[in-house]
$ cat model34.cif   # mmCIF, C-alpha atoms and all ligand atoms
data_protein
#
loop_
_atom_site.group_PDB
_atom_site.id
_atom_site.type_symbol
_atom_site.label_atom_id
_atom_site.label_comp_id
_atom_site.auth_asym_id
_atom_site.auth_seq_id
_atom_site.Cartn_x
_atom_site.Cartn_y
_atom_site.Cartn_z
ATOM 1 C CA MET A 1 56.355 151.473 47.332
ATOM 2 C CA THR A 2 55.343 147.959 46.435
ATOM 3 C CA ALA A 3 58.116 145.389 46.361
ATOM 4 C CA VAL A 4 58.038 141.984 44.721
ATOM 5 C CA SER A 5 59.092 139.063 46.855
ATOM 6 C CA GLY A 6 61.336 136.247 45.701
ATOM 7 C CA ASN A 7 58.445 133.919 45.046
ATOM 8 C CA GLY A 8 56.894 136.511 42.790
ATOM 9 C CA SER A 9 54.068 137.657 45.042
ATOM 10 C CA PRO A 10 53.650 141.365 45.547
ATOM 11 C CA GLN A 11 53.926 142.617 49.084
ATOM 12 C CA ALA A 12 53.425 146.008 50.625
ATOM 13 C CA LYS A 13 56.301 146.055 53.052
ATOM 14 C CA PRO A 14 59.251 143.745 53.752
ATOM 15 C CA LEU A 15 59.402 142.034 57.130
ATOM 16 C CA LEU A 16 63.134 142.606 57.465
ATOM 17 C CA GLU A 17 65.025 145.452 55.877
ATOM 18 C CA VAL A 18 68.784 145.723 56.055
ATOM 19 C CA SER A 19 69.931 149.061 54.687
ATOM 20 C CA LYS A 20 73.532 150.031 53.892
ATOM 21 C CA VAL A 21 74.834 148.026 56.824
ATOM 22 C CA SER A 22 78.569 147.799 57.484
ATOM 23 C CA ARG A 23 80.503 146.205 60.301
ATOM 24 C CA HIS A 24 84.221 146.783 60.656
ATOM 25 C CA PHE A 25 86.544 145.192 63.200
ATOM 26 C CA GLY A 26 89.765 146.887 64.318
ATOM 27 C CA HIS A 27 91.126 150.242 63.270
ATOM 28 C CA GLY A 28 93.484 151.963 60.870
ATOM 29 C CA ALA A 29 95.704 149.674 58.830
ATOM 30 C CA ASN A 30 94.319 146.619 60.662
ATOM 31 C CA VAL A 31 90.663 147.239 59.932
ATOM 32 C CA VAL A 32 88.663 144.221 58.722
ATOM 33 C CA LYS A 33 85.588 145.145 56.708
ATOM 34 C CA ALA A 34 83.608 142.030 57.597
ATOM 35 C CA VAL A 35 80.386 143.476 56.155
ATOM 36 C CA GLU A 36 80.438 146.460 53.814
ATOM 37 C CA ASP A 37 77.420 148.481 52.702
ATOM 38 C CA VAL A 38 74.995 145.554 52.514
ATOM 39 C CA SER A 39 71.318 146.124 51.692
ATOM 40 C CA PHE A 40 68.544 143.581 51.248
ATOM 41 C CA THR A 41 64.986 142.860 52.266
ATOM 42 C CA VAL A 42 63.236 139.677 53.331
ATOM 43 C CA GLY A 43 59.498 139.373 52.803
ATOM 44 C CA HIS A 44 56.935 137.725 55.041
ATOM 45 C CA LYS A 45 57.132 133.923 54.793
ATOM 46 C CA GLU A 46 60.148 133.987 52.515
ATOM 47 C CA VAL A 47 63.022 131.539 52.856
ATOM 48 C CA VAL A 48 66.158 133.448 51.915
ATOM 49 C CA SER A 49 69.718 132.125 51.961
ATOM 50 C CA ILE A 50 72.916 134.069 52.455
ATOM 51 C CA VAL A 51 75.630 132.098 50.737
ATOM 52 C CA GLY A 52 79.380 132.644 50.517
ATOM 53 C CA GLU A 53 82.723 131.076 51.291
ATOM 54 C CA SER A 54 84.401 131.074 54.673
ATOM 55 C CA GLY A 55 85.292 134.620 55.722
ATOM 56 C CA SER A 56 82.827 136.278 53.327
ATOM 57 C CA GLY A 57 80.981 137.893 56.238
ATOM 58 C CA LYS A 58 77.865 135.683 56.475
ATOM 59 C CA SER A 59 78.037 135.047 60.211
ATOM 60 C CA THR A 60 78.779 138.683 60.945
ATOM 61 C CA LEU A 61 75.719 139.615 58.903
ATOM 62 C CA ALA A 62 73.636 137.010 60.769
ATOM 63 C CA ARG A 63 74.815 138.386 64.114
ATOM 64 C CA LEU A 64 73.955 141.899 62.971
ATOM 65 C CA VAL A 65 70.430 140.815 62.011
ATOM 66 C CA LEU A 66 70.136 139.017 65.353
ATOM 67 C CA ARG A 67 71.285 142.217 67.062
ATOM 68 C CA LEU A 68 74.065 140.362 68.816
ATOM 69 C CA LEU A 69 76.461 142.817 67.200
ATOM 70 C CA ASP A 70 76.118 146.536 66.512
ATOM 71 C CA PRO A 71 76.666 147.777 62.968
ATOM 72 C CA THR A 72 79.401 150.321 62.301
ATOM 73 C CA SER A 73 76.850 152.062 60.081
ATOM 74 C CA GLY A 74 73.493 151.419 58.455
ATOM 75 C CA THR A 75 70.078 150.431 59.753
ATOM 76 C CA ILE A 76 68.063 147.268 60.359
ATOM 77 C CA SER A 77 64.267 147.392 60.482
ATOM 78 C CA LEU A 78 61.670 144.791 61.408
ATOM 79 C CA ASP A 79 58.216 145.397 60.024
ATOM 80 C CA GLY A 80 59.054 149.034 59.360
ATOM 81 C CA ARG A 81 60.456 149.686 62.844
ATOM 82 C CA ASP A 82 64.123 150.670 63.154
ATOM 83 C CA VAL A 83 65.685 148.128 65.538
ATOM 84 C CA THR A 84 69.325 149.156 65.038
ATOM 85 C CA ALA A 85 69.708 150.813 68.431
ATOM 86 C CA LEU A 86 67.328 148.737 70.566
ATOM 87 C CA GLY A 87 68.435 147.908 74.082
ATOM 88 C CA GLY A 88 67.097 146.460 77.328
ATOM 89 C CA LYS A 89 63.489 145.296 77.308
ATOM 90 C CA ASP A 90 62.956 146.294 73.663
ATOM 91 C CA LEU A 91 65.895 144.179 72.572
ATOM 92 C CA ARG A 92 64.632 141.190 74.562
ATOM 93 C CA GLU A 93 61.309 141.555 72.799
ATOM 94 C CA TYR A 94 63.119 141.661 69.456
ATOM 95 C CA TRP A 95 64.827 138.370 70.357
ATOM 96 C CA ARG A 96 61.408 136.793 70.749
ATOM 97 C CA ASP A 97 60.601 137.801 67.188
ATOM 98 C CA VAL A 98 63.977 136.823 65.740
ATOM 99 C CA GLN A 99 65.340 133.500 66.960
ATOM 100 C CA ALA A 100 68.560 131.728 66.005
ATOM 101 C CA VAL A 101 69.783 128.203 65.405
ATOM 102 C CA PHE A 102 73.569 127.880 65.226
ATOM 103 C CA GLN A 103 75.974 125.321 63.809
ATOM 104 C CA ASP A 104 76.991 123.645 67.053
ATOM 105 C CA PRO A 105 74.250 124.591 69.478
ATOM 106 C CA PHE A 106 75.273 122.542 72.438
ATOM 107 C CA SER A 107 78.770 123.950 72.608
ATOM 108 C CA ALA A 108 77.133 127.131 73.877
ATOM 109 C CA PHE A 109 75.273 125.305 76.628
ATOM 110 C CA ASN A 110 76.166 123.556 79.805
ATOM 111 C CA GLN A 111 76.777 119.900 78.982
ATOM 112 C CA PHE A 112 75.342 119.041 82.400
ATOM 113 C CA PHE A 113 71.898 120.398 81.509
ATOM 114 C CA THR A 114 69.282 117.942 80.317
ATOM 115 C CA VAL A 115 67.128 118.865 77.325
ATOM 116 C CA LYS A 116 64.320 119.541 79.793
ATOM 117 C CA ARG A 117 66.388 122.077 81.700
ATOM 118 C CA LEU A 118 67.507 123.686 78.471
ATOM 119 C CA LEU A 119 63.916 124.092 77.294
ATOM 120 C CA GLN A 120 62.708 125.231 80.716
ATOM 121 C CA ARG A 121 64.593 128.464 80.171
ATOM 122 C CA SER A 122 62.426 129.146 77.134
ATOM 123 C CA GLN A 123 59.334 128.119 79.082
ATOM 124 C CA LYS A 124 60.238 130.703 81.691
ATOM 125 C CA LEU A 125 60.504 133.391 79.024
ATOM 126 C CA LEU A 126 57.052 132.390 77.830
ATOM 127 C CA SER A 127 55.673 132.481 81.391
ATOM 128 C CA ASP A 128 57.245 135.902 81.907
ATOM 129 C CA SER A 129 55.343 137.106 78.882
ATOM 130 C CA GLY A 130 52.049 135.946 80.389
ATOM 131 C CA LEU A 131 51.591 132.358 79.148
ATOM 132 C CA SER A 132 50.337 129.890 81.779
ATOM 133 C CA ALA A 133 52.597 127.002 82.802
ATOM 134 C CA ASP A 134 50.244 124.504 81.101
ATOM 135 C CA ALA A 135 50.213 126.501 77.898
ATOM 136 C CA ALA A 136 54.017 126.799 77.965
ATOM 137 C CA ASN A 137 54.271 123.025 78.454
ATOM 138 C CA ALA A 138 51.900 122.418 75.565
ATOM 139 C CA ARG A 139 53.939 124.806 73.417
ATOM 140 C CA MET A 140 57.093 122.815 74.200
ATOM 141 C CA ALA A 141 55.490 119.449 73.358
ATOM 142 C CA GLU A 142 54.054 120.877 70.150
ATOM 143 C CA ALA A 143 57.407 122.332 69.110
ATOM 144 C CA LEU A 144 59.214 119.059 69.777
ATOM 145 C CA GLY A 145 56.516 117.166 67.892
ATOM 146 C CA HIS A 146 56.919 119.468 64.962
ATOM 147 C CA VAL A 147 60.566 118.522 64.560
ATOM 148 C CA GLY A 148 59.743 114.828 64.937
ATOM 149 C CA LEU A 149 60.750 114.403 68.581
ATOM 150 C CA HIS A 150 58.652 113.151 71.493
ATOM 151 C CA SER A 151 58.960 114.769 74.895
ATOM 152 C CA SER A 152 59.228 111.385 76.598
ATOM 153 C CA ASP A 153 62.155 110.390 74.375
ATOM 154 C CA VAL A 154 64.326 113.462 74.739
ATOM 155 C CA LEU A 155 63.479 115.557 77.806
ATOM 156 C CA GLU A 156 65.551 113.565 80.280
ATOM 157 C CA LYS A 157 68.480 113.157 77.875
ATOM 158 C CA TRP A 158 71.851 114.866 78.205
ATOM 159 C CA PRO A 159 73.326 116.566 75.140
ATOM 160 C CA HIS A 160 75.876 113.797 74.541
ATOM 161 C CA GLN A 161 73.078 111.213 74.427
ATOM 162 C CA LEU A 162 71.547 112.834 71.357
ATOM 163 C CA SER A 163 72.631 112.491 67.742
ATOM 164 C CA GLY A 164 73.739 115.618 65.891
ATOM 165 C CA GLY A 165 70.419 115.738 64.048
ATOM 166 C CA GLN A 166 68.439 115.357 67.275
ATOM 167 C CA ARG A 167 70.421 118.154 68.900
ATOM 168 C CA GLN A 168 69.793 120.428 65.998
ATOM 169 C CA ARG A 169 66.094 119.569 66.026
ATOM 170 C CA VAL A 170 65.936 120.302 69.773
ATOM 171 C CA MET A 171 67.443 123.693 69.046
ATOM 172 C CA ILE A 172 64.934 124.347 66.278
ATOM 173 C CA ALA A 173 62.165 123.303 68.698
ATOM 174 C CA ARG A 174 63.558 125.687 71.285
ATOM 175 C CA ALA A 175 63.390 128.498 68.758
ATOM 176 C CA LEU A 176 59.885 127.440 67.639
ATOM 177 C CA MET A 177 58.584 127.575 71.205
ATOM 178 C CA MET A 178 58.945 131.335 71.041
ATOM 179 C CA GLN A 179 56.929 131.387 67.805
ATOM 180 C CA PRO A 180 59.372 133.865 66.253
ATOM 181 C CA ARG A 181 58.621 135.750 63.107
ATOM 182 C CA ILE A 182 62.069 135.076 61.694
ATOM 183 C CA LEU A 183 64.334 132.097 62.248
ATOM 184 C CA VAL A 184 68.012 132.727 61.487
ATOM 185 C CA ALA A 185 69.752 129.400 60.837
ATOM 186 C CA ASP A 186 73.524 129.939 60.712
ATOM 187 C CA GLU A 187 75.272 126.886 59.226
ATOM 188 C CA ALA A 188 72.623 124.911 61.087
ATOM 189 C CA THR A 189 73.207 121.785 59.019
ATOM 190 C CA SER A 190 76.990 121.914 58.568
ATOM 191 C CA MET A 191 77.821 119.364 61.222
ATOM 192 C CA LEU A 192 75.213 116.837 60.134
ATOM 193 C CA ASP A 193 75.669 113.856 57.876
ATOM 194 C CA ALA A 194 73.740 113.670 54.615
ATOM 195 C CA SER A 195 70.505 112.029 55.774
ATOM 196 C CA LEU A 196 70.197 114.187 58.890
ATOM 197 C CA ARG A 197 70.969 117.257 56.837
ATOM 198 C CA ALA A 198 68.083 116.509 54.494
ATOM 199 C CA ASN A 199 65.839 115.976 57.496
ATOM 200 C CA VAL A 200 66.725 119.310 59.105
ATOM 201 C CA LEU A 201 66.493 121.148 55.773
ATOM 202 C CA ASN A 202 63.013 119.747 55.291
ATOM 203 C CA VAL A 203 62.025 120.822 58.818
ATOM 204 C CA LEU A 204 63.217 124.342 58.039
ATOM 205 C CA GLY A 205 61.212 124.335 54.834
ATOM 206 C CA ASP A 206 58.081 123.209 56.698
ATOM 207 C CA LEU A 207 58.221 126.183 59.055
ATOM 208 C CA ARG A 208 56.904 128.561 56.466
ATOM 209 C CA ARG A 209 53.996 126.282 55.601
ATOM 210 C CA ASP A 210 53.066 125.416 59.178
ATOM 211 C CA PHE A 211 53.947 128.561 61.113
ATOM 212 C CA ASP A 212 53.990 131.304 58.458
ATOM 213 C CA MET A 213 57.612 131.667 59.420
ATOM 214 C CA THR A 214 60.316 133.578 57.613
ATOM 215 C CA VAL A 215 63.692 131.839 57.443
ATOM 216 C CA LEU A 216 67.111 133.367 56.885
ATOM 217 C CA PHE A 217 69.421 130.459 56.106
ATOM 218 C CA ILE A 218 73.171 131.103 56.269
ATOM 219 C CA THR A 219 75.409 128.601 54.514
ATOM 220 C CA HIS A 220 78.659 128.147 52.607
ATOM 221 C CA ASP A 221 76.926 125.437 50.551
ATOM 222 C CA ILE A 222 75.100 126.835 47.531
ATOM 223 C CA GLY A 223 73.531 123.413 46.910
ATOM 224 C CA GLN A 224 71.743 123.466 50.259
ATOM 225 C CA ALA A 225 70.831 127.107 49.731
ATOM 226 C CA CYS A 226 69.131 126.214 46.444
ATOM 227 C CA TYR A 227 67.310 123.328 48.053
ATOM 228 C CA VAL A 228 65.563 125.477 50.670
ATOM 229 C CA SER A 229 65.342 129.026 49.361
ATOM 230 C CA ASP A 230 63.092 131.314 47.397
ATOM 231 C CA ARG A 231 65.931 133.773 47.042
ATOM 232 C CA LEU A 232 69.704 133.778 47.281
ATOM 233 C CA LEU A 233 72.000 136.530 48.526
ATOM 234 C CA VAL A 234 75.637 135.954 47.582
ATOM 235 C CA MET A 235 78.346 137.404 49.850
ATOM 236 C CA CYS A 236 81.989 137.858 48.812
ATOM 237 C CA GLU A 237 84.604 139.577 50.957
ATOM 238 C CA GLY A 238 81.999 141.403 53.026
ATOM 239 C CA GLU A 239 79.966 142.616 50.075
ATOM 240 C CA LEU A 240 76.650 141.425 48.725
ATOM 241 C CA VAL A 241 77.643 140.789 45.124
ATOM 242 C CA GLU A 242 74.428 139.253 43.815
ATOM 243 C CA GLN A 243 70.872 138.628 44.904
ATOM 244 C CA GLY A 244 67.762 137.313 43.240
ATOM 245 C CA PRO A 245 65.231 134.502 42.988
ATOM 246 C CA THR A 246 67.003 131.165 43.383
ATOM 247 C CA ASP A 247 66.363 129.984 39.827
ATOM 248 C CA ASP A 248 67.612 133.253 38.333
ATOM 249 C CA VAL A 249 70.834 133.128 40.322
ATOM 250 C CA ILE A 250 71.420 129.467 39.549
ATOM 251 C CA PHE A 251 70.585 129.485 35.857
ATOM 252 C CA ASN A 252 71.678 132.999 35.028
ATOM 253 C CA PRO A 253 74.375 134.089 37.481
ATOM 254 C CA GLN A 254 75.632 137.605 36.854
ATOM 255 C CA HIS A 255 78.670 137.880 39.086
ATOM 256 C CA GLU A 256 81.949 136.029 38.497
ATOM 257 C CA TYR A 257 82.033 134.938 42.133
ATOM 258 C CA THR A 258 78.571 133.352 41.878
ATOM 259 C CA LYS A 259 79.694 131.544 38.707
ATOM 260 C CA LYS A 260 82.708 130.240 40.588
ATOM 261 C CA LEU A 261 80.577 129.017 43.498
ATOM 262 C CA LEU A 262 78.283 127.251 41.056
ATOM 263 C CA ALA A 263 81.203 125.747 39.145
ATOM 264 C CA ASP A 264 82.329 124.139 42.389
ATOM 265 C CA VAL A 265 79.009 122.272 42.476
ATOM 266 C CA PRO A 266 78.961 120.581 39.054
ATOM 267 C CA LYS A 267 75.843 118.488 39.641
ATOM 268 C CA LEU A 268 73.835 120.727 41.837
ATOM 269 C CA HIS A 269 70.711 118.629 42.027
ATOM 270 C CA GLU A 270 72.658 115.504 42.967
ATOM 271 C CA ASN A 271 75.007 117.248 45.319
ATOM 272 C CA ILE A 272 72.554 118.643 47.832
ATOM 273 C CA LEU A 273 72.229 115.491 49.849
ATOM 274 C CA ASP A 274 75.638 113.933 49.121
HETATM 275 N N1 LIG A 301 85.171 139.667 66.344
HETATM 276 C C1 LIG A 301 85.942 139.803 65.256
HETATM 277 N N2 LIG A 301 87.108 140.476 65.317
HETATM 278 C C2 LIG A 301 87.889 140.634 64.236
HETATM 279 N N3 LIG A 301 87.591 140.126 63.011
HETATM 280 C C3 LIG A 301 86.452 139.427 62.892
HETATM 281 C C4 LIG A 301 85.562 139.222 64.003
HETATM 282 N N4 LIG A 301 84.501 138.492 63.560
HETATM 283 C C5 LIG A 301 84.717 138.244 62.253
HETATM 284 N N5 LIG A 301 85.879 138.805 61.844
HETATM 285 C C6 LIG A 301 86.441 138.774 60.489
HETATM 286 O O1 LIG A 301 85.433 139.199 59.610
HETATM 287 C C7 LIG A 301 85.485 138.434 58.392
HETATM 288 C C8 LIG A 301 84.138 137.769 58.146
HETATM 289 O O2 LIG A 301 83.945 136.772 59.152
HETATM 290 P P1 LIG A 301 82.599 135.931 59.259
HETATM 291 O O3 LIG A 301 82.731 134.991 60.416
HETATM 292 O O4 LIG A 301 81.452 136.840 59.237
HETATM 293 O O5 LIG A 301 82.633 135.129 57.886
HETATM 294 P P2 LIG A 301 81.816 133.832 57.462
HETATM 295 O O6 LIG A 301 81.477 134.014 56.030
HETATM 296 O O7 LIG A 301 80.697 133.602 58.405
HETATM 297 O O8 LIG A 301 82.906 132.701 57.616
HETATM 298 P P3 LIG A 301 82.753 131.235 58.245
HETATM 299 O O9 LIG A 301 81.812 130.503 57.335
HETATM 300 O O10 LIG A 301 84.150 130.695 58.213
HETATM 301 O O11 LIG A 301 82.215 131.443 59.637
HETATM 302 C C9 LIG A 301 86.634 137.461 58.545
HETATM 303 O O12 LIG A 301 87.775 138.039 57.952
HETATM 304 C C10 LIG A 301 86.801 137.367 60.045
HETATM 305 O O13 LIG A 301 88.138 137.043 60.387
#

$ encode --input "model34.cif" --output "structure tokens"
Amino acid sequence: MTAVSGNGSPQAKPLLEVSKVSRHFGHGANVVKAVEDVSFTVGHKEVVSIVGESGSGKSTLARLVLRLLDPTSGTISLDGRDVTALGGKDLREYWRDVQAVFQDPFSAFNQFFTVKRLLQRSQKLLSDSGLSADAANARMAEALGHVGLHSSDVLEKWPHQLSGGQRQRVMIARALMMQPRILVADEATSMLDASLRANVLNVLGDLRRDFDMTVLFITHDIGQACYVSDRLLVMCEGELVEQGPTDDVIFNPQHEYTKKLLADVPKLHENILD
């Protein structure tokens, strides 16, 4: 079957296919249906945003796509291959194809690691997959350059010596080094001030152009989602209540929840960078 991507171009097969995926936490009367029967596809080189308020299930969905969490039911496929039950070596290979950038990246890392040491772990993964040390080094410099950072400026720095925007760009560079097919950015700009946010959003947008990359952008901010995306997926209480090309969703929202989200952003075009 031929699908039509968000930017209107026909494509034979989606890159990512999420089909009837649910994830429940707890049991019986205490069960939380964090994600319930969600289906969507993401085409090659598309930038798609998942948008919704706090608790709507966005991060759970991101973690499911990243295969950091197992679904209660449903399937996830990459390029036609079912990846729902991958483990071991196959899962590690999947993580090369699907990389993540999180909201507060450095909280997950040892504060006593320099940027160089942080990135050396990715270099090692590249070496393990057969890249020479020189090529891995070049890949690192190229990735840093792409996000507007110079190796000599940041490699010897400690996390606390970097601005929020620099940290986030280091994390994007780290993901880029692996040359993933999909970058999942989960609230990757939430902790940044307005000018840095615009900078990181623009970097994310450039990835498609420069690396043929597909981006899944997770945010509570529909303004930012509009700024970067071809298509929007709207989550409410674990369910995907609306999806479509960005302009359609913005100018002709169908679901009451989407209308409410949009009403909270009265001047969308001015609000993105405020
Ligand atoms: N490990 C867990 N155990 C129990 N409940 C969980 C767990 N993870 C998430 N939840 C619940 O699932 C629901 C969706 O959470 P999730 O973090 O996916 O939402 P979100 O839209 O990403 O919110 P936020 O933007 O605040 O992170 C919430 O009710 C949350 O409390």

$ closest_residue --input "model34.cif" --among "A:Gly205, A:Gly55, A:Pro71, A:Pro245" --to "ligand LIG 301 (chain A)" --atoms "all atoms listed in the file"
A:Gly55

$ closest_atom_pairs --input "model34.cif" --of "chain A" --to "ligand LIG 301 (chain A)" --cutoff "7 Å" --atoms "only C-alpha atoms and all ligand atoms" --output "tab-separated table"
residue	atom	partner	partner_atom	distance
A:Phe25	CA	A:LIG301	C2	4.9
A:Gly26	CA	A:LIG301	C2	6.5
A:Val32	CA	A:LIG301	N3	6.0
A:Lys33	CA	A:LIG301	O1	6.6
A:Ala34	CA	A:LIG301	O1	3.9
A:Gly52	CA	A:LIG301	O6	6.1
A:Glu53	CA	A:LIG301	O6	5.7
A:Ser54	CA	A:LIG301	O10	3.6
A:Gly55	CA	A:LIG301	O5	3.5
A:Ser56	CA	A:LIG301	O6	3.8
A:Gly57	CA	A:LIG301	O4	3.2
A:Lys58	CA	A:LIG301	O6	4.0
A:Ser59	CA	A:LIG301	O7	3.5
A:Thr60	CA	A:LIG301	O4	3.7
A:Leu61	CA	A:LIG301	O4	6.4
A:His220	CA	A:LIG301	O9	6.2
A:Gly238	CA	A:LIG301	C8	6.6

$ resolve_selection --input "model34.cif" --expression "the PyMOL selection byres (((chain A and resi 250) around 12) and not hetatm)" --output "PDB file with C-alpha atoms, in the frame of the given file"
ATOM      1  CA  ILE A 222      75.100 126.835  47.531  1.00  0.00           C
ATOM      2  CA  GLY A 223      73.531 123.413  46.910  1.00  0.00           C
ATOM      3  CA  ALA A 225      70.831 127.107  49.731  1.00  0.00           C
ATOM      4  CA  CYS A 226      69.131 126.214  46.444  1.00  0.00           C
ATOM      5  CA  TYR A 227      67.310 123.328  48.053  1.00  0.00           C
ATOM      6  CA  SER A 229      65.342 129.026  49.361  1.00  0.00           C
ATOM      7  CA  ASP A 230      63.092 131.314  47.397  1.00  0.00           C
ATOM      8  CA  ARG A 231      65.931 133.773  47.042  1.00  0.00           C
ATOM      9  CA  LEU A 232      69.704 133.778  47.281  1.00  0.00           C
ATOM     10  CA  LEU A 233      72.000 136.530  48.526  1.00  0.00           C
ATOM     11  CA  VAL A 234      75.637 135.954  47.582  1.00  0.00           C
ATOM     12  CA  GLU A 242      74.428 139.253  43.815  1.00  0.00           C
ATOM     13  CA  GLN A 243      70.872 138.628  44.904  1.00  0.00           C
ATOM     14  CA  GLY A 244      67.762 137.313  43.240  1.00  0.00           C
ATOM     15  CA  PRO A 245      65.231 134.502  42.988  1.00  0.00           C
ATOM     16  CA  THR A 246      67.003 131.165  43.383  1.00  0.00           C
ATOM     17  CA  ASP A 247      66.363 129.984  39.827  1.00  0.00           C
ATOM     18  CA  ASP A 248      67.612 133.253  38.333  1.00  0.00           C
ATOM     19  CA  VAL A 249      70.834 133.128  40.322  1.00  0.00           C
ATOM     20  CA  PHE A 251      70.585 129.485  35.857  1.00  0.00           C
ATOM     21  CA  ASN A 252      71.678 132.999  35.028  1.00  0.00           C
ATOM     22  CA  PRO A 253      74.375 134.089  37.481  1.00  0.00           C
ATOM     23  CA  GLN A 254      75.632 137.605  36.854  1.00  0.00           C
ATOM     24  CA  HIS A 255      78.670 137.880  39.086  1.00  0.00           C
ATOM     25  CA  THR A 258      78.571 133.352  41.878  1.00  0.00           C
ATOM     26  CA  LYS A 259      79.694 131.544  38.707  1.00  0.00           C
ATOM     27  CA  LYS A 260      82.708 130.240  40.588  1.00  0.00           C
ATOM     28  CA  LEU A 261      80.577 129.017  43.498  1.00  0.00           C
ATOM     29  CA  LEU A 262      78.283 127.251  41.056  1.00  0.00           C
ATOM     30  CA  ALA A 263      81.203 125.747  39.145  1.00  0.00           C
ATOM     31  CA  VAL A 265      79.009 122.272  42.476  1.00  0.00           C
ATOM     32  CA  PRO A 266      78.961 120.581  39.054  1.00  0.00           C
ATOM     33  CA  LYS A 267      75.843 118.488  39.641  1.00  0.00           C
ATOM     34  CA  LEU A 268      73.835 120.727  41.837  1.00  0.00           C
ATOM     35  CA  HIS A 269      70.711 118.629  42.027  1.00  0.00           C
TER      36      HIS A 269
END

$ closest_residue --input "model34.cif" --among "A:Leu196, A:Val51, A:Val42, A:Val31" --to "Val18 (chain A)" --atoms "only C-alpha atoms"
A:Val42

$ closest_residue --input "model34.cif" --among "A:Asp128, A:Asp104, A:Asp134, A:Glu142" --to "Ser163 (chain A)" --atoms "all atoms listed in the file"
A:Asp104

$ closest_residue --input "model34.cif" --among "A:Ala175, A:Ala62, A:Val154, A:Ala143" --to "Arg117 (chain A)" --atoms "all atoms listed in the file"
A:Val154

$ resolve_selection --input "model34.cif" --expression "the PyMOL selection byres (((chain A and resi 67) around 10) and not hetatm)" --output "number ranges by chain"
A: 61-66, 68-71, 76, 83-87, 91, 94-95, 98

$ write_last_selection --input "model34.cif" --atoms "C-alpha atoms" --output "tab-separated table (two decimals), keeping the file's coordinate frame"
chain	number	residue	atom	x	y	z
A	61	LEU	CA	75.72	139.62	58.90
A	62	ALA	CA	73.64	137.01	60.77
A	63	ARG	CA	74.82	138.39	64.11
A	64	LEU	CA	73.96	141.90	62.97
A	65	VAL	CA	70.43	140.82	62.01
A	66	LEU	CA	70.14	139.02	65.35
A	68	LEU	CA	74.06	140.36	68.82
A	69	LEU	CA	76.46	142.82	67.20
A	70	ASP	CA	76.12	146.54	66.51
A	71	PRO	CA	76.67	147.78	62.97
A	76	ILE	CA	68.06	147.27	60.36
A	83	VAL	CA	65.68	148.13	65.54
A	84	THR	CA	69.32	149.16	65.04
A	85	ALA	CA	69.71	150.81	68.43
A	86	LEU	CA	67.33	148.74	70.57
A	87	GLY	CA	68.44	147.91	74.08
A	91	LEU	CA	65.90	144.18	72.57
A	94	TYR	CA	63.12	141.66	69.46
A	95	TRP	CA	64.83	138.37	70.36
A	98	VAL	CA	63.98	136.82	65.74

$ closest_residue --input "model34.cif" --among "A:His27, A:His146, A:Arg209, A:Lys13" --to "Gly80 (chain A)" --atoms "all atoms listed in the file"
A:Lys13

$ resolve_selection --input "model34.cif" --expression "the PyMOL selection byres (((chain A and resi 15) around 8) and not hetatm)" --output "number ranges by chain"
A: 13-14, 16-17, 41-44, 77-80

$ atom_distance --input "model34.cif" --atom1 "CA of Leu162 (chain A)" --atom2 "CA of Ala185 (chain A)"
19.7 Å

$ atom_distance --input "model34.cif" --atom1 "CA of Ser19 (chain A)" --atom2 "CA of Phe40 (chain A)"
6.6 Å

$ atom_distance --input "model34.cif" --atom1 "CA of Leu119 (chain A)" --atom2 "CA of Ala135 (chain A)"
13.9 Å

$ closest_residue --input "model34.cif" --among "A:Leu125, A:Val147, A:Val47, A:Met178" --to "Val200 (chain A)" --atoms "all atoms listed in the file"
A:Val147

$ residues_near_point --input "model34.cif" --point "(52.5, 131.8, 78.1)" --cutoff "12 Å" --atoms "only C-alpha atoms" --output "MDAnalysis selection string"
chainID A and resid 122:140 177:179

$ residues_near_point --input "model34.cif" --point "(66.1, 120.3, 75.2)" --cutoff "12 Å" --atoms "all atoms listed in the file" --output "VMD selection string"
chain A and resid 105 to 106 109 to 123 140 to 141 143 to 144 149 to 162 166 to 175 177

$ decode --input "model34.cif" --residues "region 190-196 of chain A" --atoms "N, CA and C atoms" --output "PDB file, in the first residue's frame"
ATOM      1  N   SER A 190      13.160  22.061  26.505  1.00  0.00           N
ATOM      2  CA  SER A 190      12.349  22.614  27.603  1.00  0.00           C
ATOM      3  C   SER A 190      13.139  23.436  28.600  1.00  0.00           C
ATOM      4  N   MET A 191      14.396  23.047  28.815  1.00  0.00           N
ATOM      5  CA  MET A 191      15.157  23.736  29.860  1.00  0.00           C
ATOM      6  C   MET A 191      15.983  24.905  29.318  1.00  0.00           C
ATOM      7  N   LEU A 192      15.762  25.240  28.058  1.00  0.00           N
ATOM      8  CA  LEU A 192      16.570  26.294  27.445  1.00  0.00           C
ATOM      9  C   LEU A 192      15.820  27.613  27.420  1.00  0.00           C
ATOM     10  N   ASP A 193      16.580  28.719  27.475  1.00  0.00           N
ATOM     11  CA  ASP A 193      15.892  29.998  27.328  1.00  0.00           C
ATOM     12  C   ASP A 193      15.606  30.248  25.840  1.00  0.00           C
ATOM     13  N   ALA A 194      14.878  31.341  25.573  1.00  0.00           N
ATOM     14  CA  ALA A 194      14.287  31.507  24.240  1.00  0.00           C
ATOM     15  C   ALA A 194      15.302  31.456  23.095  1.00  0.00           C
ATOM     16  N   SER A 195      16.434  32.154  23.230  1.00  0.00           N
ATOM     17  CA  SER A 195      17.354  32.216  22.097  1.00  0.00           C
ATOM     18  C   SER A 195      18.026  30.861  21.881  1.00  0.00           C
ATOM     19  N   LEU A 196      18.367  30.189  22.969  1.00  0.00           N
ATOM     20  CA  LEU A 196      18.993  28.866  22.836  1.00  0.00           C
ATOM     21  C   LEU A 196      17.999  27.861  22.274  1.00  0.00           C
TER      22      LEU A 196
END
